[in-house]
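query-v9.txt, holding compact mmCIF, C-alpha atoms:
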```txt
# COMPACT_ATOMS: atom_id res chain seq x y z
CA MET A 1 27.45 5.15 2.92
CA THR A 2 29.35 5.24 -0.35
CA ASP A 3 27.85 6.83 -3.43
CA ALA A 4 28.22 3.46 -5.19
CA ASP A 5 26.15 1.64 -2.56
CA ARG A 6 23.49 4.36 -2.62
CA ALA A 7 23.30 4.18 -6.42
CA PHE A 8 23.13 0.37 -6.36
CA LEU A 9 20.23 0.33 -3.88
CA THR A 10 18.42 3.04 -5.83
CA ARG A 11 18.71 0.92 -9.01
CA LEU A 12 17.04 -1.97 -7.20
CA PHE A 13 14.18 0.26 -6.03
CA THR A 14 13.77 1.60 -9.57
CA ALA A 15 13.65 -1.95 -10.96
CA ALA A 16 10.97 -2.87 -8.43
CA VAL A 17 8.84 0.17 -9.27
CA THR A 18 9.31 -0.27 -13.02
CA ALA A 19 8.02 -3.84 -12.77
CA ALA A 20 4.79 -2.40 -11.37
CA ASP A 21 4.48 0.30 -14.04
CA PRO A 22 0.80 0.57 -15.03
CA MET A 23 1.42 0.36 -18.78
CA ALA A 24 3.43 -2.85 -18.49
CA ALA A 25 1.10 -4.30 -15.86
CA LEU A 26 -2.10 -3.71 -17.83
CA ALA A 27 -0.84 -4.55 -21.32
CA GLY A 28 -1.54 -8.27 -21.13
CA SER A 29 -4.70 -8.07 -19.03
CA LEU A 30 -7.26 -6.15 -21.08
CA PRO A 31 -10.78 -7.65 -21.13
CA ASP A 32 -12.81 -8.37 -24.24
CA ARG A 33 -14.61 -5.35 -25.61
CA PRO A 34 -18.31 -5.11 -24.77
CA VAL A 35 -21.25 -4.58 -27.07
CA GLY A 36 -22.28 -1.60 -24.96
CA ARG A 37 -20.46 1.09 -22.97
CA THR A 38 -17.06 0.82 -21.30
CA VAL A 39 -17.04 2.58 -17.93
CA VAL A 40 -13.78 2.88 -16.00
CA VAL A 41 -13.65 3.50 -12.26
CA GLY A 42 -10.60 3.44 -10.06
CA ALA A 43 -9.17 4.27 -6.68
CA GLY A 44 -5.71 4.38 -5.15
CA LYS A 45 -2.43 6.26 -5.17
CA GLY A 46 -1.66 5.03 -8.69
CA ALA A 47 -5.20 5.14 -10.06
CA ALA A 48 -4.65 8.12 -12.37
CA GLN A 49 -1.58 6.52 -13.94
CA MET A 50 -3.48 3.26 -14.36
CA GLY A 51 -6.30 5.18 -16.02
CA ALA A 52 -3.97 6.96 -18.44
CA ALA A 53 -2.32 3.65 -19.34
CA PHE A 54 -5.69 1.96 -19.85
CA GLU A 55 -6.90 4.72 -22.19
CA GLU A 56 -3.73 4.37 -24.26
CA LEU A 57 -3.98 0.59 -24.46
CA TRP A 58 -7.76 0.40 -24.98
CA GLY A 59 -7.74 2.71 -28.00
CA ALA A 60 -11.52 3.23 -27.98
CA PRO A 61 -13.87 5.64 -26.21
CA VAL A 62 -14.23 5.18 -22.47
CA GLU A 63 -15.91 7.13 -19.71
CA GLY A 64 -15.58 7.12 -15.97
CA VAL A 65 -14.05 8.48 -12.78
CA LEU A 66 -10.82 7.86 -10.85
CA VAL A 67 -9.79 9.09 -7.39
CA THR A 68 -6.22 9.42 -6.18
CA ARG A 69 -4.30 11.13 -3.39
CA TYR A 70 -3.64 14.87 -3.54
CA GLY A 71 -0.58 15.47 -5.72
CA TYR A 72 -0.76 12.04 -7.39
CA GLY A 73 -2.86 12.98 -10.40
CA ALA A 74 -1.96 12.29 -14.01
CA PRO A 75 -3.57 13.62 -17.22
CA CYS A 76 -6.23 11.40 -18.79
CA ARG A 77 -8.00 12.02 -22.09
CA SER A 78 -11.61 11.34 -21.13
CA LEU A 79 -11.52 9.89 -17.62
CA LYS A 80 -12.21 12.35 -14.83
CA VAL A 81 -9.47 12.36 -12.18
CA LEU A 82 -10.46 13.46 -8.68
CA GLN A 83 -8.09 13.96 -5.74
CA ALA A 84 -8.72 13.45 -2.05
CA ALA A 85 -6.96 13.03 1.29
CA HIS A 86 -4.90 10.07 2.45
CA PRO A 87 -4.49 8.45 4.99
CA VAL A 88 -7.41 10.12 6.78
CA PRO A 89 -10.39 10.71 4.44
CA ASP A 90 -11.93 14.10 3.73
CA ALA A 91 -15.00 15.64 2.10
CA ALA A 92 -13.37 15.42 -1.35
CA GLY A 93 -13.08 11.67 -0.89
CA LEU A 94 -16.74 11.51 0.09
CA ALA A 95 -17.68 13.31 -3.13
CA ALA A 96 -15.39 11.02 -5.12
CA ALA A 97 -17.01 7.89 -3.70
CA GLU A 98 -20.41 9.25 -4.73
CA ALA A 99 -19.05 10.01 -8.22
CA LEU A 100 -17.83 6.42 -8.62
CA MET A 101 -21.18 5.02 -7.51
CA SER A 102 -22.98 7.35 -9.90
CA ALA A 103 -20.69 6.36 -12.79
CA VAL A 104 -21.75 2.70 -12.55
CA SER A 105 -25.44 3.22 -11.93
CA GLY A 106 -28.05 2.32 -14.54
CA LEU A 107 -25.82 0.03 -16.61
CA GLY A 108 -27.06 -2.98 -18.56
CA ARG A 109 -25.88 -6.49 -19.34
CA ASP A 110 -24.07 -5.38 -22.50
CA ASP A 111 -21.96 -2.83 -20.63
CA LEU A 112 -18.51 -3.34 -19.13
CA VAL A 113 -17.08 -1.79 -15.98
CA VAL A 114 -13.29 -1.85 -15.64
CA ALA A 115 -12.18 -1.21 -12.06
CA LEU A 116 -8.55 -0.07 -11.66
CA ILE A 117 -7.69 -0.65 -8.02
CA CYS A 118 -4.47 -0.08 -6.11
CA GLY A 119 -3.26 0.70 -2.62
CA GLY A 120 -4.60 3.75 -0.80
CA GLY A 121 -8.17 3.36 -2.01
CA SER A 122 -9.56 2.62 1.44
CA ALA A 123 -8.94 6.16 2.68
CA LEU A 124 -9.82 7.73 -0.68
CA LEU A 125 -13.33 6.21 -0.75
CA PRO A 126 -15.15 7.23 2.43
CA ALA A 127 -18.82 6.29 2.10
CA PRO A 128 -20.37 5.99 5.54
CA PRO A 129 -23.60 3.98 5.70
CA GLU A 130 -26.89 5.48 6.82
CA GLY A 131 -26.63 6.61 10.43
CA LEU A 132 -22.93 7.43 10.27
CA THR A 133 -21.05 10.52 9.02
CA LEU A 134 -17.75 11.40 7.40
CA GLU A 135 -16.53 12.40 10.86
CA ASP A 136 -17.30 8.88 12.09
CA GLU A 137 -15.30 7.37 9.24
CA GLN A 138 -12.42 9.78 9.89
CA ALA A 139 -12.40 8.79 13.55
CA LEU A 140 -12.45 5.09 12.58
CA ASN A 141 -9.49 5.53 10.23
CA ALA A 142 -7.47 7.39 12.85
CA VAL A 143 -8.08 4.63 15.40
CA LEU A 144 -7.20 1.88 12.93
CA LEU A 145 -3.99 3.60 11.81
CA ALA A 146 -2.80 3.87 15.41
CA SER A 147 -3.88 0.35 16.41
CA GLY A 148 -0.94 -1.66 15.06
CA ALA A 149 -3.40 -4.12 13.48
CA PRO A 150 -2.37 -5.66 10.14
CA ILE A 151 -3.90 -4.26 6.97
CA SER A 152 -6.11 -7.34 6.54
CA ALA A 153 -7.75 -6.72 9.92
CA MET A 154 -8.17 -3.00 9.30
CA ASN A 155 -9.78 -3.55 5.91
CA SER A 156 -12.05 -6.28 7.29
CA ILE A 157 -13.49 -3.65 9.62
CA ARG A 158 -13.56 -0.82 7.08
CA LYS A 159 -15.56 -2.76 4.51
CA GLN A 160 -18.35 -3.50 6.99
CA VAL A 161 -18.75 0.22 7.69
CA SER A 162 -19.15 1.46 4.12
CA ARG A 163 -21.57 1.81 1.22
CA ILE A 164 -18.85 1.25 -1.43
CA LYS A 165 -16.23 -1.15 -0.05
CA GLY A 166 -16.42 -4.92 0.25
CA GLY A 167 -17.83 -5.48 -3.26
CA ARG A 168 -20.60 -2.90 -3.00
CA LEU A 169 -19.33 -0.80 -5.93
CA ALA A 170 -19.54 -3.85 -8.20
CA ALA A 171 -22.97 -4.72 -6.83
CA ALA A 172 -24.13 -1.22 -7.82
CA ALA A 173 -22.80 -1.82 -11.37
CA HIS A 174 -24.60 -5.11 -11.95
CA PRO A 175 -25.99 -6.47 -14.22
CA ALA A 176 -23.01 -5.02 -16.14
CA ARG A 177 -19.92 -7.23 -16.14
CA VAL A 178 -17.18 -5.94 -13.84
CA VAL A 179 -13.51 -6.66 -14.55
CA THR A 180 -11.17 -5.63 -11.73
CA LEU A 181 -7.47 -5.11 -12.44
CA VAL A 182 -5.46 -4.86 -9.23
CA VAL A 183 -2.03 -3.54 -8.34
CA SER A 184 -1.61 -5.29 -5.01
CA ASP A 185 -0.07 -3.62 -1.97
CA VAL A 186 -1.18 -6.22 0.58
CA PRO A 187 0.71 -9.23 1.91
CA GLY A 188 -0.50 -12.35 0.13
CA ASP A 189 -2.02 -10.35 -2.76
CA ASP A 190 -5.65 -11.03 -1.82
CA PRO A 191 -7.54 -8.68 -4.19
CA ALA A 192 -10.42 -8.45 -1.70
CA GLN A 193 -8.06 -6.59 0.65
CA VAL A 194 -6.61 -4.03 -1.77
CA ALA A 195 -8.39 -0.70 -1.15
CA SER A 196 -10.85 -2.73 0.94
CA GLY A 197 -12.08 -4.45 -2.23
CA PRO A 198 -14.75 -2.07 -3.59
CA THR A 199 -15.49 -4.50 -6.44
CA VAL A 200 -14.44 -7.79 -4.82
CA PRO A 201 -16.61 -9.65 -2.29
CA ASP A 202 -14.94 -11.10 0.80
CA ALA A 203 -15.76 -14.18 2.85
CA GLN A 204 -15.09 -12.23 6.06
CA GLY A 205 -18.24 -10.65 7.42
CA ARG A 206 -19.26 -8.66 10.48
CA ALA A 207 -18.46 -11.53 12.86
CA GLU A 208 -14.87 -11.65 11.63
CA ALA A 209 -14.57 -7.85 11.78
CA LEU A 210 -15.73 -7.86 15.40
CA ALA A 211 -13.27 -10.65 16.15
CA HIS A 212 -10.45 -8.44 14.82
CA VAL A 213 -11.63 -5.58 17.02
CA ARG A 214 -11.37 -7.81 20.09
CA ALA A 215 -8.12 -9.50 19.07
CA TYR A 216 -6.23 -6.23 18.57
CA GLY A 217 -7.92 -4.29 21.35
CA ILE A 218 -9.19 -1.63 18.95
CA ALA A 219 -11.17 1.08 20.73
CA LEU A 220 -13.71 1.85 18.02
CA PRO A 221 -15.52 5.19 18.12
CA GLU A 222 -18.80 4.66 19.97
CA ARG A 223 -21.12 5.27 17.02
CA VAL A 224 -19.06 3.01 14.75
CA ALA A 225 -18.99 0.25 17.37
CA ARG A 226 -22.76 0.44 17.75
CA PHE A 227 -23.26 0.26 13.98
CA LEU A 228 -20.92 -2.72 13.61
CA GLU A 229 -22.79 -4.59 16.33
CA THR A 230 -26.23 -3.92 14.85
CA ALA A 231 -25.72 -3.53 11.07
CA PRO A 232 -28.60 -5.23 9.20
CA GLU A 233 -26.40 -7.12 6.73
CA ASP A 234 -22.86 -8.12 5.84
CA ALA A 235 -20.98 -6.93 2.79
CA PRO A 236 -21.54 -9.20 -0.27
CA GLN A 237 -20.11 -12.71 -0.03
CA PRO A 238 -18.06 -14.50 -2.74
CA GLY A 239 -20.92 -16.90 -3.43
CA ASP A 240 -23.31 -14.10 -4.36
CA PRO A 241 -24.64 -15.06 -7.84
CA GLY A 242 -24.52 -11.43 -8.95
CA PHE A 243 -20.72 -11.66 -9.10
CA ALA A 244 -20.64 -14.87 -11.17
CA GLN A 245 -19.71 -13.14 -14.45
CA ASP A 246 -17.18 -10.75 -12.87
CA GLU A 247 -13.42 -11.20 -13.27
CA VAL A 248 -10.57 -10.20 -10.95
CA LYS A 249 -6.87 -10.19 -11.84
CA VAL A 250 -3.78 -9.06 -9.91
CA VAL A 251 -1.59 -7.40 -12.56
CA ALA A 252 1.28 -6.22 -10.34
CA SER A 253 2.45 -7.13 -6.85
CA ALA A 254 5.31 -7.04 -4.37
CA SER A 255 6.38 -10.52 -5.45
CA ILE A 256 6.79 -9.48 -9.08
CA SER A 257 8.67 -6.33 -8.07
CA LEU A 258 11.05 -8.13 -5.70
CA GLU A 259 11.88 -10.62 -8.44
CA ALA A 260 12.71 -7.70 -10.76
CA ALA A 261 14.96 -6.17 -8.10
CA ALA A 262 16.71 -9.51 -7.63
CA ARG A 263 17.41 -9.72 -11.37
CA ALA A 264 18.82 -6.18 -11.32
CA ALA A 265 21.15 -7.06 -8.44
CA GLU A 266 22.38 -10.20 -10.13
CA ALA A 267 22.96 -8.30 -13.39
CA ALA A 268 25.25 -6.03 -11.34
CA GLY A 269 27.15 -9.06 -10.06
CA VAL A 270 25.57 -9.29 -6.60
CA PRO A 271 23.60 -12.44 -5.68
CA ALA A 272 20.15 -11.71 -4.26
CA VAL A 273 17.82 -13.56 -1.90
CA ILE A 274 14.15 -12.78 -1.29
CA LEU A 275 13.08 -13.44 2.29
CA SER A 276 9.35 -12.84 1.69
CA ASP A 277 6.95 -10.48 -0.02
CA ALA A 278 4.46 -10.69 2.85
CA ILE A 279 6.28 -9.64 6.03
CA GLU A 280 4.03 -8.05 8.65
CA GLY A 281 4.47 -7.01 12.27
CA GLU A 282 5.76 -4.01 14.23
CA ALA A 283 8.24 -2.13 12.02
CA ARG A 284 10.87 -1.81 14.75
CA GLU A 285 10.70 -5.52 15.59
CA VAL A 286 10.96 -6.50 11.93
CA GLY A 287 13.99 -4.20 11.74
CA LYS A 288 15.65 -5.98 14.65
CA VAL A 289 15.06 -9.39 13.05
CA HIS A 290 16.56 -8.23 9.75
CA ALA A 291 19.54 -6.83 11.66
CA ALA A 292 20.11 -10.15 13.42
CA LEU A 293 20.12 -11.92 10.05
CA VAL A 294 22.61 -9.40 8.65
CA ARG A 295 24.92 -9.83 11.65
CA GLU A 296 24.90 -13.58 11.08
CA ILE A 297 25.91 -13.04 7.46
CA VAL A 298 28.67 -10.59 8.44
CA LEU A 299 30.08 -12.70 11.29
CA ARG A 300 29.59 -16.26 10.05
CA ASN A 301 28.81 -16.03 6.34
CA ARG A 302 25.48 -17.81 6.90
CA PRO A 303 22.68 -18.44 6.08
CA PHE A 304 23.78 -16.58 2.92
CA LYS A 305 27.32 -16.07 1.71
CA ARG A 306 28.76 -12.59 1.15
CA PRO A 307 28.37 -10.64 -1.04
CA VAL A 308 24.57 -10.70 -1.06
CA VAL A 309 21.62 -8.37 -1.14
CA VAL A 310 18.71 -9.40 1.08
CA LEU A 311 15.29 -8.33 -0.26
CA SER A 312 11.90 -8.30 1.44
CA GLY A 313 8.48 -6.74 1.12
CA GLY A 314 5.10 -6.70 2.80
CA GLU A 315 3.52 -4.14 5.11
CA THR A 316 4.75 -3.55 8.62
CA THR A 317 2.84 -1.50 11.17
CA VAL A 318 3.59 1.18 13.75
CA THR A 319 1.55 1.16 16.94
CA LEU A 320 1.43 4.69 18.32
CA SER A 321 1.61 5.01 22.09
CA GLY A 322 0.61 8.64 22.37
CA ARG A 323 1.49 11.40 19.93
CA GLY A 324 4.00 10.29 17.29
CA GLY A 325 6.67 12.33 15.54
CA LYS A 326 7.46 12.49 11.84
CA GLY A 327 8.05 9.32 9.92
CA GLY A 328 6.46 6.16 8.58
CA ARG A 329 6.82 2.43 8.87
CA ASN A 330 9.81 2.20 6.51
CA THR A 331 11.89 4.83 8.30
CA GLU A 332 10.92 3.28 11.65
CA PHE A 333 12.05 -0.15 10.40
CA LEU A 334 15.31 1.36 9.18
CA LEU A 335 16.07 3.26 12.40
CA ALA A 336 15.65 0.05 14.42
CA LEU A 337 17.91 -1.72 11.92
CA ALA A 338 20.53 1.06 12.12
CA LEU A 339 20.60 0.96 15.92
CA ALA A 340 21.11 -2.81 15.87
CA LEU A 341 23.88 -2.54 13.25
CA ASP A 342 25.69 0.46 14.77
CA GLY A 343 29.36 0.15 13.90
CA VAL A 344 28.98 -2.87 11.59
CA GLU A 345 30.99 -2.32 8.41
CA GLY A 346 30.23 -3.42 4.87
CA VAL A 347 26.44 -3.08 5.16
CA ALA A 348 24.13 -0.65 3.35
CA ALA A 349 20.33 -0.64 3.40
CA LEU A 350 17.34 1.05 1.79
CA ALA A 351 13.75 0.80 3.03
CA ALA A 352 11.07 2.66 1.12
CA ASP A 353 7.40 2.65 0.16
CA THR A 354 6.99 1.91 -3.54
CA ASP A 355 4.38 4.67 -3.92
CA GLY A 356 7.06 7.25 -3.11
CA ILE A 357 5.68 8.41 0.25
CA ASP A 358 6.38 6.91 3.68
CA GLY A 359 4.07 8.39 6.29
CA SER A 360 3.17 12.06 6.13
CA GLU A 361 6.36 13.65 4.75
CA ASP A 362 7.76 13.78 1.20
CA ASN A 363 10.26 10.91 1.50
CA ALA A 364 9.67 7.33 0.41
CA GLY A 365 12.03 6.06 3.10
CA ALA A 366 15.74 6.32 3.84
CA PHE A 367 19.21 4.82 3.53
CA ALA A 368 21.21 3.40 6.45
CA ASP A 369 24.54 1.79 7.16
CA GLY A 370 26.76 1.04 10.14
CA GLY A 371 27.61 4.72 10.48
CA SER A 372 24.05 6.10 10.47
CA VAL A 373 23.65 6.19 14.24
CA GLY A 374 27.02 7.94 14.61
CA ARG A 375 25.94 10.63 12.14
CA MET A 376 22.71 11.16 14.04
CA ARG A 377 24.55 11.52 17.33
CA ALA A 378 27.03 13.90 15.73
CA ALA A 379 24.03 16.07 14.82
CA GLY A 380 23.11 16.21 18.50
CA LEU A 381 20.28 13.67 18.36
CA ASP A 382 19.49 10.57 20.42
CA PRO A 383 18.35 7.99 17.83
CA ALA A 384 17.02 5.57 20.47
CA ARG A 385 14.82 8.31 21.93
CA LEU A 386 13.63 9.27 18.46
CA LEU A 387 12.72 5.64 17.73
CA ALA A 388 10.76 5.48 20.99
CA GLY A 389 8.88 8.61 19.90
CA HIS A 390 8.20 7.34 16.36
CA ASP A 391 10.28 10.20 14.93
CA ALA A 392 12.55 8.39 12.49
CA TRP A 393 12.20 11.10 9.84
CA THR A 394 13.99 13.59 12.08
CA ALA A 395 16.84 11.11 12.65
CA PHE A 396 17.44 10.36 8.97
CA SER A 397 16.94 13.98 7.93
CA ALA A 398 19.73 15.04 10.30
CA ALA A 399 21.97 12.27 8.93
CA GLY A 400 21.31 13.37 5.34
CA ASP A 401 19.94 9.93 4.45
CA LEU A 402 16.31 10.50 3.43
CA PHE A 403 15.26 8.89 0.14
CA VAL A 404 12.99 11.21 -1.89
CA PRO A 405 12.13 9.84 -5.37
CA GLY A 406 8.72 11.55 -5.49
CA PRO A 407 5.38 9.87 -6.32
CA THR A 408 5.99 6.79 -8.47
CA GLY A 409 2.54 6.25 -9.96
CA THR A 410 2.22 2.74 -8.53
CA ASN A 411 2.07 1.02 -5.15
CA VAL A 412 3.15 -2.52 -4.30
CA ASN A 413 3.94 -1.74 -0.67
CA ASP A 414 7.21 -1.80 1.26
CA PHE A 415 10.56 -2.43 -0.41
CA ARG A 416 13.59 -3.36 1.64
CA ALA A 417 17.08 -4.08 0.32
CA ILE A 418 20.12 -4.76 2.54
CA LEU A 419 23.50 -5.09 0.82
CA VAL A 420 26.25 -7.03 2.60
CA ARG A 421 29.57 -6.58 0.83
```

Before we go any further, please render this structure as structure tokens.
Amino acid sequence: MTDADRAFLTRLFTAAVTAADPMAALAGSLPDRPVGRTVVVGAGKGAAQMGAAFEELWGAPVEGVLVTRYGYGAPCRSLKVLQAAHPVPDAAGLAAAEALMSAVSGLGRDDLVVALICGGGSALLPAPPEGLTLEDEQALNAVLLASGAPISAMNSIRKQVSRIKGGRLAAAAHPARVVTLVVSDVPGDDPAQVASGPTVPDAQGRAEALAHVRAYGIALPERVARFLETAPEDAPQPGDPGFAQDEVKVVASASISLEAAARAAEAAGVPAVILSDAIEGEAREVGKVHAALVREIVLRNRPFKRPVVVLSGGETTVTLSGRGGKGGRNTEFLLALALALDGVEGVAALAADTDGIDGSEDNAGAFADGGSVGRMRAAGLDPARLLAGHDAWTAFSAAGDLFVPGPTGTNVNDFRAILVR
């Protein structure tokens, strides 16, 4: 891949992330000031940055608690920033969930709760209901992450097995008014799905959660399965009168970020097309479909004329069949794409998670072109075998094509850009 192509794709990623910057996202969405206290709570990989931006914009005293992933903190003046594990919850997350619930307890009608919610909050807010433990919630998360189920199905299940998700944090804050400001990382931008909606009720109840378990063949841990079958009540529903005065607003999303990336491409003289901001499915299969589209452009100049950059977002999944290697859904997508485009000239691609981390390593994703597979083989690796073993990180590390921007302070899910010269 040429340095020019790498720099061009990086500019598009930067434009996408900048469009989801907390300061810009929150600036036009501040609620009216209350007569009483302003309490801020938040959860997600960009929660600390959202909190710092809110303090700056609000310009008046606030109190509250935020929880983010280890290493994703940011300094806040008065808000307390806690850190916990992601993607599998830990005891620090359990303590953080209790701190958020405590922060909103005992409030009155004149008080305001501002909830700053972004992707990653589901794992950062473990709060098992009575009869279950943190270990049960950890086991549930591990099973869900390996299931290949879409995020909407996973969160439908999570919120029924929690004391804080599915609107329960807002319920604990009432009768105070709750205003939720969301940076969406879910396909379709349903705020009830982001971080499993701690302040947003959802029409899906236990029956729908159980239907997802059956549909995706999810082998729930025994104690969790028993609880889900016998739980005394659903999470709050949208028609609950207690939520009537609450407000929910999506302030940043994949759609907004992809549009910013498209403008950046066109400013550089390259036409851009956005396939979708809500693509789901197995990462490797989505990679093959993108590769087929690119081949059609290269060979027949359709359905888009060259030059063009093809953009897409959403959240793919990786279904683990046994122990997986290093990598995440973006590198897995890209390795499948690279295998399908082996030897094709004039193509360069970047796939990355907008939060700066793809999977468990320190890369957001990787770059690929028609020579990627050759570079991997030259390093003594079998890229097809690595794809089968969910070890895309090893493949792109050997090729020198990992993309490591570091934590971005926001999260609007996957970003994919494929340049066809």

Tell me which protein, DNA and RNA residues are within 10 Å of A:Ser255, counting only C-alpha atoms, leaving out same-chain ones fewer than 4 positions away, and put them as number ranges by chain. A: 16, 184, 187-189, 259-261, 274, 276-278, 312-314, 412

Extract, using all atoms listed in the file, all DNA, RNA and protein residues at most 9 Å from stretch 20-25 of chain A, discarding same-chain residues fewer than 3 positions from it, and format them as an NGL selection string. :A and (15-17 or 28-29 or 46 or 49-54 or 56-57 or 183 or 251-254 or 256-257 or 408-412)

Quick one, how far is atom CA of A:Ile164 from atom CA of A:Pro128?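 Between atom CA of A:Ile164 and atom CA of A:Pro128 the gap works out to 8.6 Å.
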
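Going from atom CA of A:Gly59 to atom CA of A:Ala84 covers 28.1 Å.
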
Taking (-6.1, 11.9, -21.8) in the coordinates of the supplied file, I want to know which residues reach to within 9 Å of it, counting all atoms listed in the file; could you give the answer as a compact mmCIF listing (two decimals) with C-alpha atoms, in the coordinates of the input?
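To be explicit, this is the file written out as point.txt:
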```txt
# COMPACT_ATOMS: atom_id res chain seq x y z
CA GLY A 51 -6.30 5.18 -16.02
CA ALA A 52 -3.97 6.96 -18.44
CA GLU A 55 -6.90 4.72 -22.19
CA GLU A 56 -3.73 4.37 -24.26
CA ALA A 74 -1.96 12.29 -14.01
CA PRO A 75 -3.57 13.62 -17.22
CA CYS A 76 -6.23 11.40 -18.79
CA ARG A 77 -8.00 12.02 -22.09
CA SER A 78 -11.61 11.34 -21.13
CA LEU A 79 -11.52 9.89 -17.62
```

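Atom CA of A:His290 is positioned 19.5 Å from atom CA of A:Gly327.
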
For the point (-18.5, -13.4, -9.8) in file coordinates, what residues are within 10 Å, counting only C-alpha atoms? Give the answer as an mmCIF file with C-alpha atoms, in the frame of the given file?
```cif
data_model
loop_
_atom_site.group_PDB
_atom_site.id
_atom_site.type_symbol
_atom_site.label_atom_id
_atom_site.label_comp_id
_atom_site.auth_asym_id
_atom_site.auth_seq_id
_atom_site.Cartn_x
_atom_site.Cartn_y
_atom_site.Cartn_z
ATOM 1 C CA ALA A 170 -19.540 -3.850 -8.200
ATOM 2 C CA ARG A 177 -19.920 -7.230 -16.140
ATOM 3 C CA VAL A 178 -17.180 -5.940 -13.840
ATOM 4 C CA VAL A 179 -13.510 -6.660 -14.550
ATOM 5 C CA THR A 199 -15.490 -4.500 -6.440
ATOM 6 C CA VAL A 200 -14.440 -7.790 -4.820
ATOM 7 C CA PRO A 201 -16.610 -9.650 -2.290
ATOM 8 C CA GLN A 237 -20.110 -12.710 -0.030
ATOM 9 C CA PRO A 238 -18.060 -14.500 -2.740
ATOM 10 C CA GLY A 239 -20.920 -16.900 -3.430
ATOM 11 C CA ASP A 240 -23.310 -14.100 -4.360
ATOM 12 C CA PRO A 241 -24.640 -15.060 -7.840
ATOM 13 C CA GLY A 242 -24.520 -11.430 -8.950
ATOM 14 C CA PHE A 243 -20.720 -11.660 -9.100
ATOM 15 C CA ALA A 244 -20.640 -14.870 -11.170
ATOM 16 C CA GLN A 245 -19.710 -13.140 -14.450
ATOM 17 C CA ASP A 246 -17.180 -10.750 -12.870
ATOM 18 C CA GLU A 247 -13.420 -11.200 -13.270
ATOM 19 C CA VAL A 248 -10.570 -10.200 -10.950
#
```

Near A:Arg33, within 12 Å and counting only C-alpha atoms, which residues show up once chain neighbours fewer than 3 positions away are dropped, as a PyMOL selection string? chain A and resi 30+36-39+58-62+110-114+177+179

Let me have the centre and edge lengths of the axis-aligned box enclosing all listed atoms of stretch 83-89 of chain A with 8 Å padding on every side, in Å to one decimal, as lines of an AutoDock Vina configuration file.
```
center_x = -7.4
center_y = 11.2
center_z = 0.5
size_x = 21.9
size_y = 21.5
size_z = 28.5
```

Just checking: using only C-alpha atoms, which residue out of A:Ala364, A:Ala207, A:Val161, A:Leu116 ends up closest to A:Glu137?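 For A:Glu137, the nearest of the given residues is A:Val161.
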
Show me, as an MDAnalysis selection string, the residues that have an atom within 9 Å of A:Leu66 when counting all atoms listed in the file, minus same-chain residues fewer than 5 positions from it. chainID A and resid 40:44 47:48 51 79:83 96 99:100 116

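Nearest residue to A:Ala283, choosing from A:Asn155, A:Ser372, A:Val182, A:Pro150 and counting all atoms listed in the file: A:Pro150.
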
Residue rebuild result stretch 342-352 of chain A, N, CA and C atoms as a short mmCIF file (atom, residue, chain, number, x, y, z; two decimals), in the coordinates of the input:
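Writing the result to rebuild_18.cif gives the following:
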```cif
data_model
loop_
_atom_site.label_atom_id
_atom_site.label_comp_id
_atom_site.auth_asym_id
_atom_site.auth_seq_id
_atom_site.Cartn_x
_atom_site.Cartn_y
_atom_site.Cartn_z
N ASP A 342 24.77 -0.64 14.50
CA ASP A 342 25.69 0.46 14.77
C ASP A 342 27.13 -0.04 14.80
N GLY A 343 27.96 0.52 13.93
CA GLY A 343 29.36 0.15 13.90
C GLY A 343 29.71 -1.02 13.00
N VAL A 344 28.72 -1.72 12.47
CA VAL A 344 28.98 -2.87 11.59
C VAL A 344 29.38 -2.35 10.21
N GLU A 345 30.49 -2.80 9.70
CA GLU A 345 30.99 -2.32 8.41
C GLU A 345 30.54 -3.22 7.26
N GLY A 346 30.53 -2.64 6.06
CA GLY A 346 30.23 -3.42 4.87
C GLY A 346 28.76 -3.67 4.64
N VAL A 347 27.89 -2.90 5.29
CA VAL A 347 26.44 -3.08 5.16
C VAL A 347 25.80 -1.77 4.74
N ALA A 348 24.89 -1.82 3.79
CA ALA A 348 24.13 -0.65 3.35
C ALA A 348 22.70 -1.08 3.09
N ALA A 349 21.74 -0.25 3.50
CA ALA A 349 20.33 -0.64 3.40
C ALA A 349 19.47 0.51 2.89
N LEU A 350 18.39 0.13 2.22
CA LEU A 350 17.34 1.05 1.79
C LEU A 350 16.00 0.43 2.15
N ALA A 351 15.14 1.21 2.79
CA ALA A 351 13.75 0.80 3.03
C ALA A 351 12.86 1.93 2.56
N ALA A 352 11.89 1.62 1.71
CA ALA A 352 11.07 2.66 1.12
C ALA A 352 9.71 2.11 0.71
#
```
